[in-house]
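Peer 1: One file: input15.txt (compact mmCIF, C-alpha atoms and all ligand atoms).
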# COMPACT_ATOMS: atom_id res chain seq x y z
CA MET J 1 98.78 97.89 66.21
CA ALA J 2 99.66 97.93 69.88
CA ASN J 3 100.01 94.63 71.69
CA TYR J 4 96.96 93.60 73.64
CA SER J 5 97.35 94.15 77.38
CA PRO J 6 94.52 93.10 79.73
CA LYS J 7 92.77 95.57 82.03
CA ILE J 8 93.83 95.74 85.63
CA THR J 9 91.87 93.98 88.36
CA THR J 10 89.86 95.60 91.15
CA ALA J 11 92.58 94.56 93.60
CA GLN J 12 95.19 96.31 91.49
CA ILE J 13 93.06 99.48 91.37
CA LYS J 14 92.87 99.45 95.17
CA MET J 15 96.55 98.72 95.42
CA ILE J 16 97.70 101.58 93.22
CA GLN J 17 95.48 103.97 95.18
CA THR J 18 97.08 102.78 98.40
CA VAL J 19 100.54 103.06 96.90
CA ARG J 20 100.09 106.58 95.66
CA ARG J 21 98.55 107.71 98.94
CA SER J 22 101.37 106.21 100.95
CA ALA J 23 103.79 107.89 98.56
CA GLY J 24 102.07 111.18 99.42
CA ILE J 25 101.02 111.90 95.85
CA ASP J 26 98.06 114.29 95.82
CA ASP J 27 95.16 114.26 93.36
CA ASP J 28 96.62 116.86 91.03
CA VAL J 29 99.97 115.16 90.69
CA TYR J 30 98.33 111.75 90.35
CA SER J 31 96.09 113.07 87.63
CA GLU J 32 99.16 114.34 85.76
CA MET J 33 100.82 110.98 86.18
CA LYS J 34 97.79 109.17 84.80
CA LYS J 35 97.83 111.45 81.76
CA SER J 36 101.53 110.74 81.32
CA VAL J 37 100.78 107.04 80.79
CA GLY J 38 97.82 107.86 78.55
CA VAL J 39 94.73 107.40 80.74
CA SER J 40 92.42 109.80 82.53
CA SER J 41 91.20 107.41 85.20
CA THR J 42 92.75 104.54 87.17
CA THR J 43 90.10 102.12 85.91
CA GLU J 44 91.28 102.66 82.35
CA LEU J 45 94.72 101.27 83.10
CA ASP J 46 95.78 98.08 81.41
CA GLN J 47 98.52 95.85 82.83
CA ARG J 48 101.29 97.51 80.87
CA ARG J 49 100.27 101.06 81.84
CA PHE J 50 99.66 99.91 85.40
CA GLN J 51 103.25 98.67 85.71
CA GLU J 52 104.57 101.84 84.13
CA LEU J 53 102.55 104.04 86.48
CA LEU J 54 103.77 102.03 89.48
CA ARG J 55 107.33 102.49 88.29
CA ARG J 56 106.84 106.24 87.99
CA ILE J 57 105.25 106.49 91.42
CA SER J 58 108.12 104.62 92.99
CA LYS J 59 110.65 106.80 91.18
CA LEU J 60 108.89 109.92 92.39
CA GLN J 61 108.84 108.52 95.90
CA LYS J 62 112.58 107.82 95.81
CA ASN J 63 113.39 111.30 94.55
CA ALA J 64 111.17 112.88 97.18
CA SER J 65 112.82 110.86 99.92
CA ARG J 66 116.28 111.79 98.72
CA ARG J 67 115.29 115.44 98.90
CA ARG J 68 113.72 114.96 102.29
CA SER J 69 116.69 113.15 103.77
CA GLN J 70 118.91 116.00 102.66
CA GLN J 71 116.81 118.40 104.69
CA GLU J 72 115.49 116.05 107.34
CA THR J 73 113.81 118.06 110.07
CA GLY J 74 110.89 115.85 111.12
CA SER J 75 110.84 114.00 114.43
CA ARG J 76 109.81 110.65 112.98
CA GLN J 77 112.86 108.63 112.17
CA PRO J 78 113.13 106.45 109.10
CA TYR J 79 113.63 102.74 109.61
CA LYS J 80 117.04 101.47 108.76
CA LYS J 81 118.24 99.35 111.60
CA VAL J 82 117.42 95.91 110.23
CA HIS J 83 120.47 95.07 108.13
CA SER J 84 120.76 97.27 105.09
CA SER J 85 117.47 95.97 103.76
CA ALA J 86 115.40 99.03 104.61
CA TYR J 87 116.09 100.97 101.41
CA LYS J 88 114.91 98.27 99.04
CA SER J 89 111.71 97.90 101.03
CA GLY J 90 111.11 101.64 101.17
CA MET J 91 111.50 101.58 104.96
CA HIS J 92 114.16 104.27 104.95
CA LEU J 93 111.27 106.71 104.54
CA ALA J 94 109.50 108.10 107.58
CA PRO J 95 106.28 106.07 107.88
CA ALA J 96 102.75 107.40 107.54
CA GLU J 97 101.36 108.47 110.91
CA ASP J 98 98.65 105.80 111.02
CA LYS J 99 101.12 102.98 110.40
CA ALA J 100 104.13 104.25 112.32
CA LEU J 101 103.46 102.29 115.51
CA MET J 102 102.73 99.05 113.69
CA LEU J 103 105.81 99.42 111.54
CA SER J 104 107.99 100.00 114.56
CA LYS J 105 106.56 96.82 116.10
CA ILE J 106 107.25 94.94 112.90
CA GLU J 107 110.77 96.32 112.90
CA ALA J 108 111.28 95.09 116.46
CA ILE J 109 110.14 91.58 115.52
CA LEU J 110 112.38 91.51 112.44
CA THR J 111 115.33 92.66 114.53
CA ASP J 112 114.60 89.98 117.12
CA LEU J 113 114.52 87.30 114.45
CA SER J 114 117.43 88.78 112.43
CA LEU J 115 115.21 89.00 109.37
CA PRO J 116 115.41 91.68 106.67
CA TRP J 117 112.52 93.94 105.68
CA SER J 118 112.15 91.87 102.53
CA TYR J 119 110.80 89.08 104.75
CA ALA J 120 107.91 91.35 105.75
CA ASP J 121 107.50 92.32 102.09
CA ALA J 122 107.26 88.65 101.15
CA THR J 123 104.64 88.17 103.86
CA ALA J 124 102.62 91.08 102.44
CA LYS J 125 102.99 89.64 98.96
CA ARG J 126 101.84 86.20 100.08
CA MET J 127 98.88 87.52 102.09
CA PHE J 128 97.62 90.35 99.88
CA GLY J 129 99.54 90.28 96.60
CA VAL J 130 101.13 93.62 97.52
CA ASP J 131 104.83 93.74 96.66
CA LEU J 132 106.02 95.91 99.53
CA LEU J 133 104.83 96.15 103.13
CA ARG J 134 105.30 99.87 102.63
CA TRP J 135 102.38 99.81 100.20
CA CYS J 136 99.98 97.97 102.48
CA ASP J 137 97.06 99.89 103.94
CA GLU J 138 96.46 100.08 107.67
CA THR J 139 94.45 96.85 107.93
CA GLN J 140 96.90 94.89 105.80
CA THR J 141 99.85 96.22 107.80
CA TYR J 142 98.10 95.09 110.97
CA LYS J 143 97.59 91.62 109.56
CA VAL J 144 101.24 91.34 108.55
CA LEU J 145 102.18 92.41 112.08
CA GLN J 146 99.93 89.69 113.51
CA ALA J 147 101.39 87.04 111.22
CA LEU J 148 104.95 88.02 112.15
CA ALA J 149 104.07 88.05 115.86
CA VAL J 150 102.70 84.50 115.58
CA TYR J 151 105.86 83.41 113.78
CA GLN J 152 108.03 85.04 116.44
CA LYS J 153 106.10 83.30 119.22
CA ARG J 154 106.38 79.91 117.55
CA LYS J 155 110.08 80.40 117.02
CA ALA J 156 110.56 81.49 120.64
CA GLY J 157 108.78 78.30 121.72
CA LYS J 158 111.16 76.22 119.65
CA MET J 159 114.20 78.02 121.04
CA GLU J 160 112.99 77.44 124.57
CA GLU J 161 112.57 73.78 123.72
CA ALA J 162 116.06 73.60 122.22
CA ALA J 163 117.44 75.31 125.32
CA PHE J 164 115.94 72.52 127.45
CA TYR J 165 117.75 69.79 125.53
CA ILE J 166 121.02 71.69 125.52
CA LYS J 167 120.76 72.15 129.27
CA GLU J 168 120.05 68.45 129.77
CA LEU J 169 122.99 67.57 127.54
CA ARG J 170 125.38 69.88 129.39
CA SER J 171 124.32 68.90 132.89
CA ASP J 172 126.07 66.13 134.80
CA GLY J 173 122.81 64.69 136.12
CA CYS J 174 121.26 61.73 134.31
CA GLN J 175 117.50 61.29 134.01
CA CYS J 176 117.79 58.29 136.40
CA GLY J 177 119.02 60.60 139.16
CA GLY J 178 122.59 59.30 138.84
CA ARG J 179 125.54 61.16 137.43
CA LYS J 180 126.51 61.37 133.80
CA LYS J 181 129.24 63.09 131.83
CA SER J 182 128.40 66.56 130.60
CA GLY J 183 127.99 66.39 126.83
CA GLN J 184 126.45 62.93 126.96
CA SER J 185 122.71 62.35 126.98
CA LEU J 186 122.63 59.65 129.65
CA CYS J 187 124.84 57.84 132.16
CA TYR J 188 126.61 54.76 130.89
CA GLY J 189 124.18 52.46 132.73
CA CYS J 190 121.10 54.03 131.17
CA TYR J 191 122.73 54.17 127.75
CA LYS J 192 123.60 50.46 127.88
CA LYS J 193 120.03 49.52 128.75
CA LEU J 194 118.65 51.10 125.60
CA PRO J 195 117.76 49.01 122.55
CA ALA J 196 120.33 49.58 119.80
CA ASP J 197 118.10 51.72 117.61
CA LEU J 198 117.21 54.06 120.46
CA ALA J 199 120.85 54.36 121.50
CA LYS J 200 121.93 55.04 117.95
CA ALA J 201 119.28 57.76 117.51
CA LEU J 202 120.91 59.72 120.34
CA TRP J 203 123.77 60.50 117.97
CA ARG J 204 121.48 62.61 115.82
CA LYS J 205 121.96 66.34 115.81
CA LEU J 206 119.92 68.85 117.79
CA GLY J 207 117.08 70.06 115.61
CA ASN J 208 117.51 67.01 113.45
CA GLY J 209 116.00 64.18 115.43
CA TYR J 210 117.97 64.44 118.68
CA GLU J 211 115.06 65.86 120.68
CA GLN J 212 112.74 63.04 119.65
CA ALA J 213 115.47 60.47 120.25
CA TYR J 214 116.11 61.78 123.76
CA ASP J 215 112.39 61.80 124.57
CA ARG J 216 111.99 58.23 123.33
CA ALA J 217 115.06 57.06 125.26
CA VAL J 218 113.84 58.63 128.50
CA ALA J 219 110.33 57.27 127.93
CA TRP J 220 111.73 53.79 127.32
CA LEU J 221 113.97 53.94 130.38
CA THR J 222 111.16 55.09 132.63
CA GLY J 223 108.99 52.29 131.31
CA GLU J 224 106.57 54.40 129.34
CA GLU J 225 107.37 52.78 126.06
ZN ZN Y 1 121.23 57.17 134.12
Give the structure from the file, written as structure tokens.
Peer 2:
Amino acid sequence: MANYSPKITTAQIKMIQTVRRSAGIDDDVYSEMKKSVGVSSTTELDQRRFQELLRRISKLQKNASRRRSQQETGSRQPYKKVHSSAYKSGMHLAPAEDKALMLSKIEAILTDLSLPWSYADATAKRMFGVDLLRWCDETQTYKVLQALAVYQKRKAGKMEEAAFYIKELRSDGCQCGGRKKSGQSLCYGCYKKLPADLAKALWRKLGNGYEQAYDRAVAWLTGEE
């Protein structure tokens, strides 16, 4: 007797439909593929057959793309700039028309943050349970784009903040208006006025407590603390 394998969920039914559409598999071919794993309709799939069908779709997709890249004539370019991660994420394939713009925006964000495509895949997985961004539908792709844009903005904010402290550290002007040595947080006079714990905290690393220590020291020196 065959091992028991539970039926697939509604989300998985939706997902495999999205996957096969984005892989460009038409009804006839899909129907053949369903037969090849022993079902006549998607809803009949159990988990084991579902995984097998997914594997076959992805294999078909890879073969098709290999053929296509050998005779590439289309104007839409595949994505491959972000590291060498594009292939694993299926982004070496020319994108579907409706998602092309969003994917190119996502690519730009990933490039800006030096992140691989797998980061976007992980985001899709976390948000929708879809393994690859490539397999997301239009709405899901849009939401991944939004999430990445928020992340990029937050990161840019942090970098701007870090740039402020680095600039302060490098400058030869102390917060008191006097002069200090570049590379030191404060002039000797200001530094000496600080309570020991505040002075000691200034030896922390940037991104690891230095920013807070500097803020506290300046606040204390200007009488705010
Ligand atoms: Zn000073």
Peer 1: Identify which of the residues J:Gln175, J:Gln47, J:Asn208, J:Ser182 lies closest to ligand ZN 1 (chain Y), counting only C-alpha atoms and all ligand atoms when measuring atom-to-atom distances.
Peer 2: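 Between J:Gln175, J:Gln47, J:Asn208, J:Ser182, the residue approaching ligand ZN 1 (chain Y) most closely is J:Gln175.
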Peer 1: Which one is closest to Ser5 in chain J: J:Val19, J:Met127, J:Leu45, J:Ala162? Count only C-alpha atoms.
Peer 2: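 Closest candidate: J:Leu45.
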Peer 1: Counting all atoms listed in the file, which residues in chain J sit no more than 8 Å from ligand ZN 1 (chain Y)? For each one, give the nearest pair of atoms and the distance in Å, sorted by chain then residue number, as JSON lines.
Peer 2:
{"residue": "J:Gly173", "atom": "CA", "partner": "Y:ZN1", "partner_atom": "ZN", "distance": 7.9}
{"residue": "J:Cys174", "atom": "CA", "partner": "Y:ZN1", "partner_atom": "ZN", "distance": 4.6}
{"residue": "J:Gln175", "atom": "CA", "partner": "Y:ZN1", "partner_atom": "ZN", "distance": 5.6}
{"residue": "J:Cys176", "atom": "CA", "partner": "Y:ZN1", "partner_atom": "ZN", "distance": 4.3}
{"residue": "J:Gly177", "atom": "CA", "partner": "Y:ZN1", "partner_atom": "ZN", "distance": 6.5}
{"residue": "J:Gly178", "atom": "CA", "partner": "Y:ZN1", "partner_atom": "ZN", "distance": 5.4}
{"residue": "J:Arg179", "atom": "CA", "partner": "Y:ZN1", "partner_atom": "ZN", "distance": 6.7}
{"residue": "J:Lys180", "atom": "CA", "partner": "Y:ZN1", "partner_atom": "ZN", "distance": 6.8}
{"residue": "J:Leu186", "atom": "CA", "partner": "Y:ZN1", "partner_atom": "ZN", "distance": 5.3}
{"residue": "J:Cys187", "atom": "CA", "partner": "Y:ZN1", "partner_atom": "ZN", "distance": 4.2}
{"residue": "J:Tyr188", "atom": "CA", "partner": "Y:ZN1", "partner_atom": "ZN", "distance": 6.7}
{"residue": "J:Gly189", "atom": "CA", "partner": "Y:ZN1", "partner_atom": "ZN", "distance": 5.7}
{"residue": "J:Cys190", "atom": "CA", "partner": "Y:ZN1", "partner_atom": "ZN", "distance": 4.3}
{"residue": "J:Tyr191", "atom": "CA", "partner": "Y:ZN1", "partner_atom": "ZN", "distance": 7.2}
Peer 1: For each of J:Gln51, J:Ser58, J:Ser171, J:Ser118, take the minimum atom-to-atom distance to Ala23 in chain J, counting only C-alpha atoms, then give the residue where this is smallest.
Peer 2: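 For Ala23 in chain J, the nearest of the given residues is J:Ser58.
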Peer 1: I'd like to know which of J:Lys35, J:Ile13, J:Ala96, J:Tyr30 is closest to Phe50 in chain J, using only C-alpha atoms.
Peer 2: J:Ile13
Peer 1: Nearest to Lys14 in chain J: which of J:Ala120, J:Ala217, J:Met102, J:Cys136 is it, counting all atoms listed in the file?
Peer 2: J:Cys136
Peer 1: If you count only C-alpha atoms, which residues fall within 8 Å of range 144-150 of chain J, apart from same-chain ones fewer than 4 positions away, as a list of chain:residue names?
Peer 2: J:Met102, J:Leu103, J:Lys105, J:Ile106, J:Ile109, J:Ala120, J:Thr123, J:Ala124, J:Met127, J:Gln140, J:Arg154
Peer 1: Leu60 in chain J: which residues within 10 Å, counting all atoms listed in the file, same-chain residues fewer than 4 positions away excluded, as a PDB file with C-alpha atoms, in the frame of the given file?
Peer 2:
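The resulting file, around_34.pdb, is reproduced below:
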ATOM      1  CA  ARG J  20     100.090 106.580  95.660  1.00  0.00           C
ATOM      2  CA  ALA J  23     103.790 107.890  98.560  1.00  0.00           C
ATOM      3  CA  GLY J  24     102.070 111.180  99.420  1.00  0.00           C
ATOM      4  CA  ILE J  25     101.020 111.900  95.850  1.00  0.00           C
ATOM      5  CA  LEU J  54     103.770 102.030  89.480  1.00  0.00           C
ATOM      6  CA  ARG J  55     107.330 102.490  88.290  1.00  0.00           C
ATOM      7  CA  ARG J  56     106.840 106.240  87.990  1.00  0.00           C
ATOM      8  CA  ALA J  64     111.170 112.880  97.180  1.00  0.00           C
ATOM      9  CA  SER J  65     112.820 110.860  99.920  1.00  0.00           C
ATOM     10  CA  ARG J  66     116.280 111.790  98.720  1.00  0.00           C
TER      11      ARG J  66
END
Peer 1: Taking into account all atoms listed in the file, which residue in the set J:Val29, J:Arg21, J:Glu44, J:Lys153 is nearest to Pro95 in chain J?
Peer 2: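 Of J:Val29, J:Arg21, J:Glu44, J:Lys153, the one nearest Pro95 in chain J is J:Arg21, counting all atoms listed in the file.
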Peer 1: Report the distance between CA of Ile57 in chain J and CA of Ser22 in chain J in Å, rounded to one decimal place.
Peer 2: 10.3 Å
Peer 1: Which value, in Å to one decimal, gives the distance between CA of Val130 in chain J and CA of Asp28 in chain J?
Peer 2: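 A separation of 24.5 Å between them.
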Peer 1: Near range 192-199 of chain J, counting all atoms listed in the file, which residues have an atom at most 8 Å away, once you skip same-chain residues fewer than 4 positions from it, shown as a PyMOL selection string?
Peer 2: chain J and resi 188+203+213+216-217+220-221
